[in-house]
Amino acid sequence: MMPHFGKKSALFGATAALAAAPLLGGLLTAQAAPAAPDKALLTCDMTGTAQFSPALSGNPFGAATTMKVEGEAIGCTPSGSWAEDVESATFSGDLSGRMSCTSLPRDVGGDVDITWKFKDGSTETSKANFSLKLEGNPLRPSQGVSGAFVGETVDGEFPGTEHKGTGKFDLASAAGGCLSGGLSELDFGGKYELSR
């Protein structure tokens, strides 16, 4: 079976040529042009679960931890024709870095496999390299912590694309686990965007 992006290779090639033309012009005139903003190809609702190994503790300095993420992107809305056949996606991967119940994760990243489901029932897979950034105060769980991940496709379907996700972690519901020996699992939800 031909990969779905193969069907759109002419469009991809033309788009790449159009994107390269201003860059070439800028080089010829020795003028720096601002980078073009990312163009959204697809937006979806995102839900998932993060599992921590070892379980998160109250150590304020954090500990080396693996965070296994699994979830799905549903209710996807394409922007334009490049990802118009995508119906939904599932994702799974391992991110690692220093984490705890009382400090925001630091230097957390890793590979995530994304399986795209298309309207015709077929599937294709992308591998993306993600990094995670969280903002907020984990010592004030009632305020919640906002999270964001960014990544890029390194192999498979939709080459040259960027991945972005935003969500909010409900730390108030996780406080019990942190206080009783460690937090091993946390649900999350938010928005996902594929862009280029």
# chains A, B, ... in the order shown; residues from 1 in each chain; ligands from 1
call {"tool": "residues_around", "arguments": {"residues": "A:Asp107", "least_positions_apart": "3", "cutoff": "12 Å", "atoms": "only C-alpha atoms", "output": "ChimeraX atom specification"}}
result
/A:62-66,95-99,104,110,130-134,149
call {"tool": "residues_around", "arguments": {"residues": "A:Gly156", "least_positions_apart": "6", "cutoff": "8 Å", "atoms": "only C-alpha atoms", "output": "ChimeraX atom specification"}}
result
/A:124-127
call {"tool": "residues_around", "arguments": {"residues": "A:Gly151", "least_positions_apart": "3", "cutoff": "7 Å", "atoms": "only C-alpha atoms", "output": "VMD selection string"}}
result
chain A and resid 128 to 131 162 to 164
call {"tool": "closest_atom_pairs", "arguments": {"of": "stretch 57-121 of chain A", "to": "stretch 175-185 of chain A", "cutoff": "10 Å", "atoms": "only C-alpha atoms", "output": "JSON lines"}}
result
{"residue": "A:Ser57", "atom": "CA", "partner": "A:Gly182", "partner_atom": "CA", "distance": 4.9}
{"residue": "A:Gly58", "atom": "CA", "partner": "A:Cys178", "partner_atom": "CA", "distance": 6.7}
{"residue": "A:Met67", "atom": "CA", "partner": "A:Glu185", "partner_atom": "CA", "distance": 9.1}
{"residue": "A:Lys68", "atom": "CA", "partner": "A:Glu185", "partner_atom": "CA", "distance": 9.3}
{"residue": "A:Val69", "atom": "CA", "partner": "A:Glu185", "partner_atom": "CA", "distance": 9.8}
{"residue": "A:Ser100", "atom": "CA", "partner": "A:Leu183", "partner_atom": "CA", "distance": 8.8}
{"residue": "A:Cys101", "atom": "CA", "partner": "A:Cys178", "partner_atom": "CA", "distance": 6.1}
{"residue": "A:Thr102", "atom": "CA", "partner": "A:Cys178", "partner_atom": "CA", "distance": 8.8}
call {"tool": "write_last_selection", "arguments": {"atoms": "all heavy atoms", "output": "PDB file, in the first residue's frame"}}
result
ATOM      1  N   SER A  57       7.620  11.026  43.993  1.00  0.00           N
ATOM      2  CA  SER A  57       7.655  11.230  45.438  1.00  0.00           C
ATOM      3  C   SER A  57       7.694  12.722  45.738  1.00  0.00           C
ATOM      4  O   SER A  57       7.634  13.552  44.839  1.00  0.00           O
ATOM      5  CB  SER A  57       8.900  10.555  46.031  1.00  0.00           C
ATOM      6  OG  SER A  57      10.057  11.279  45.658  1.00  0.00           O
ATOM      7  N   GLY A  58       7.820  13.045  47.012  1.00  0.00           N
ATOM      8  CA  GLY A  58       7.893  14.440  47.418  1.00  0.00           C
ATOM      9  C   GLY A  58       9.293  15.022  47.371  1.00  0.00           C
ATOM     10  O   GLY A  58       9.514  16.144  47.827  1.00  0.00           O
ATOM     11  N   MET A  67       8.328   8.374  32.101  1.00  0.00           N
ATOM     12  CA  MET A  67       6.895   8.639  32.023  1.00  0.00           C
ATOM     13  C   MET A  67       6.363   8.006  30.739  1.00  0.00           C
ATOM     14  O   MET A  67       6.701   8.439  29.634  1.00  0.00           O
ATOM     15  CB  MET A  67       6.633  10.148  32.010  1.00  0.00           C
ATOM     16  CG  MET A  67       5.155  10.485  31.916  1.00  0.00           C
ATOM     17  SD  MET A  67       4.818  12.268  32.101  1.00  0.00           S
ATOM     18  CE  MET A  67       5.460  12.885  30.562  1.00  0.00           C
ATOM     19  N   LYS A  68       5.574   6.949  30.897  1.00  0.00           N
ATOM     20  CA  LYS A  68       4.971   6.289  29.743  1.00  0.00           C
ATOM     21  C   LYS A  68       3.650   6.980  29.449  1.00  0.00           C
ATOM     22  O   LYS A  68       2.784   7.056  30.320  1.00  0.00           O
ATOM     23  CB  LYS A  68       4.737   4.806  30.014  1.00  0.00           C
ATOM     24  CG  LYS A  68       4.145   4.066  28.824  1.00  0.00           C
ATOM     25  CD  LYS A  68       4.073   2.583  29.084  1.00  0.00           C
ATOM     26  CE  LYS A  68       3.550   1.828  27.873  1.00  0.00           C
ATOM     27  NZ  LYS A  68       4.396   1.985  26.689  1.00  0.00           N
ATOM     28  N   VAL A  69       3.508   7.497  28.241  1.00  0.00           N
ATOM     29  CA  VAL A  69       2.272   8.185  27.859  1.00  0.00           C
ATOM     30  C   VAL A  69       1.519   7.341  26.837  1.00  0.00           C
ATOM     31  O   VAL A  69       2.109   6.778  25.917  1.00  0.00           O
ATOM     32  CB  VAL A  69       2.544   9.600  27.302  1.00  0.00           C
ATOM     33  CG1 VAL A  69       3.100  10.505  28.381  1.00  0.00           C
ATOM     34  CG2 VAL A  69       3.494   9.564  26.115  1.00  0.00           C
ATOM     35  N   SER A 100       9.135  14.968  40.119  1.00  0.00           N
ATOM     36  CA  SER A 100       8.667  14.676  41.471  1.00  0.00           C
ATOM     37  C   SER A 100       7.288  15.282  41.654  1.00  0.00           C
ATOM     38  O   SER A 100       6.791  15.987  40.775  1.00  0.00           O
ATOM     39  CB  SER A 100       9.630  15.231  42.527  1.00  0.00           C
ATOM     40  OG  SER A 100       9.396  16.604  42.759  1.00  0.00           O
ATOM     41  N   CYS A 101       6.679  15.024  42.799  1.00  0.00           N
ATOM     42  CA  CYS A 101       5.370  15.602  43.105  1.00  0.00           C
ATOM     43  C   CYS A 101       5.460  17.087  43.447  1.00  0.00           C
ATOM     44  O   CYS A 101       4.459  17.797  43.394  1.00  0.00           O
ATOM     45  CB  CYS A 101       4.739  14.873  44.295  1.00  0.00           C
ATOM     46  SG  CYS A 101       4.064  13.253  43.900  1.00  0.00           S
ATOM     47  N   THR A 102       6.628  17.538  43.828  1.00  0.00           N
ATOM     48  CA  THR A 102       6.745  18.908  44.341  1.00  0.00           C
ATOM     49  C   THR A 102       7.584  19.830  43.469  1.00  0.00           C
ATOM     50  O   THR A 102       7.813  20.977  43.824  1.00  0.00           O
ATOM     51  CB  THR A 102       7.361  18.886  45.750  1.00  0.00           C
ATOM     52  OG1 THR A 102       8.627  18.229  45.702  1.00  0.00           O
ATOM     53  CG2 THR A 102       6.436  18.173  46.724  1.00  0.00           C
TER      54      THR A 102
END
call {"tool": "atom_distance", "arguments": {"atom1": "atom CA of A:Ile74", "atom2": "atom CA of A:Val154"}}
result
22.5 Å
call {"tool": "closest_residue", "arguments": {"among": "A:Asp94, A:Glu193, A:Asp85, A:Asp155", "to": "A:Gly121", "atoms": "only C-alpha atoms"}}
result
A:Asp85
call {"tool": "atom_distance", "arguments": {"atom1": "atom CA of A:Asp45", "atom2": "atom CA of A:Pro159"}}
result
21.8 Å
call {"tool": "closest_residue", "arguments": {"among": "A:Thr115, A:Phe91, A:Asp187, A:Leu41", "to": "A:Gly167", "atoms": "only C-alpha atoms"}}
result
A:Asp187
call {"tool": "select_by_dssp", "arguments": {"residues": "stretch 103-163 of chain A", "states": "strand (DSSP E or B)", "output": "ChimeraX atom specification"}}
result
/A:106-118,123-135,145-156,162-163
call {"tool": "write_last_selection", "arguments": {"atoms": "C-alpha atoms", "output": "tab-separated table (two decimals), in the first residue's frame"}}
result
chain	number	residue	atom	x	y	z
A	106	ARG	CA	13.08	19.06	34.03
A	107	ASP	CA	14.68	18.04	30.72
A	108	VAL	CA	11.89	15.59	29.90
A	109	GLY	CA	11.84	14.15	26.39
A	110	GLY	CA	11.68	11.00	24.29
A	111	ASP	CA	10.14	9.25	21.30
A	112	VAL	CA	6.42	8.78	20.75
A	113	ASP	CA	4.76	6.56	18.13
A	114	ILE	CA	1.60	8.01	16.58
A	115	THR	CA	-0.77	5.73	14.67
A	116	TRP	CA	-3.04	7.67	12.33
A	117	LYS	CA	-6.44	6.25	11.43
A	118	PHE	CA	-7.81	7.40	8.09
A	123	THR	CA	-3.57	3.26	9.36
A	124	GLU	CA	-0.07	4.71	9.09
A	125	THR	CA	2.51	5.43	11.77
A	126	SER	CA	4.79	8.36	12.58
A	127	LYS	CA	7.64	8.49	15.07
A	128	ALA	CA	8.12	11.87	16.72
A	129	ASN	CA	10.63	13.22	19.21
A	130	PHE	CA	8.79	15.09	21.98
A	131	SER	CA	9.89	17.39	24.77
A	132	LEU	CA	7.64	18.35	27.68
A	133	LYS	CA	7.38	21.72	29.40
A	134	LEU	CA	5.11	22.43	32.37
A	135	GLU	CA	4.22	25.72	34.02
A	145	VAL	CA	-0.41	22.93	36.19
A	146	SER	CA	-0.46	23.76	32.49
A	147	GLY	CA	1.53	21.51	30.24
A	148	ALA	CA	2.79	21.67	26.71
A	149	PHE	CA	4.77	19.35	24.50
A	150	VAL	CA	6.46	20.07	21.21
A	151	GLY	CA	8.03	17.66	18.79
A	152	GLU	CA	8.87	16.86	15.23
A	153	THR	CA	8.31	13.86	13.01
A	154	VAL	CA	11.55	11.90	12.64
A	155	ASP	CA	10.19	8.94	10.66
A	156	GLY	CA	7.05	7.70	8.93
A	162	GLU	CA	5.65	19.58	13.92
A	163	HIS	CA	3.55	18.34	16.84
call {"tool": "closest_residue", "arguments": {"among": "A:Thr49, A:Ser103, A:Ser79, A:Thr90", "to": "A:Phe188", "atoms": "only C-alpha atoms"}}
result
A:Thr49
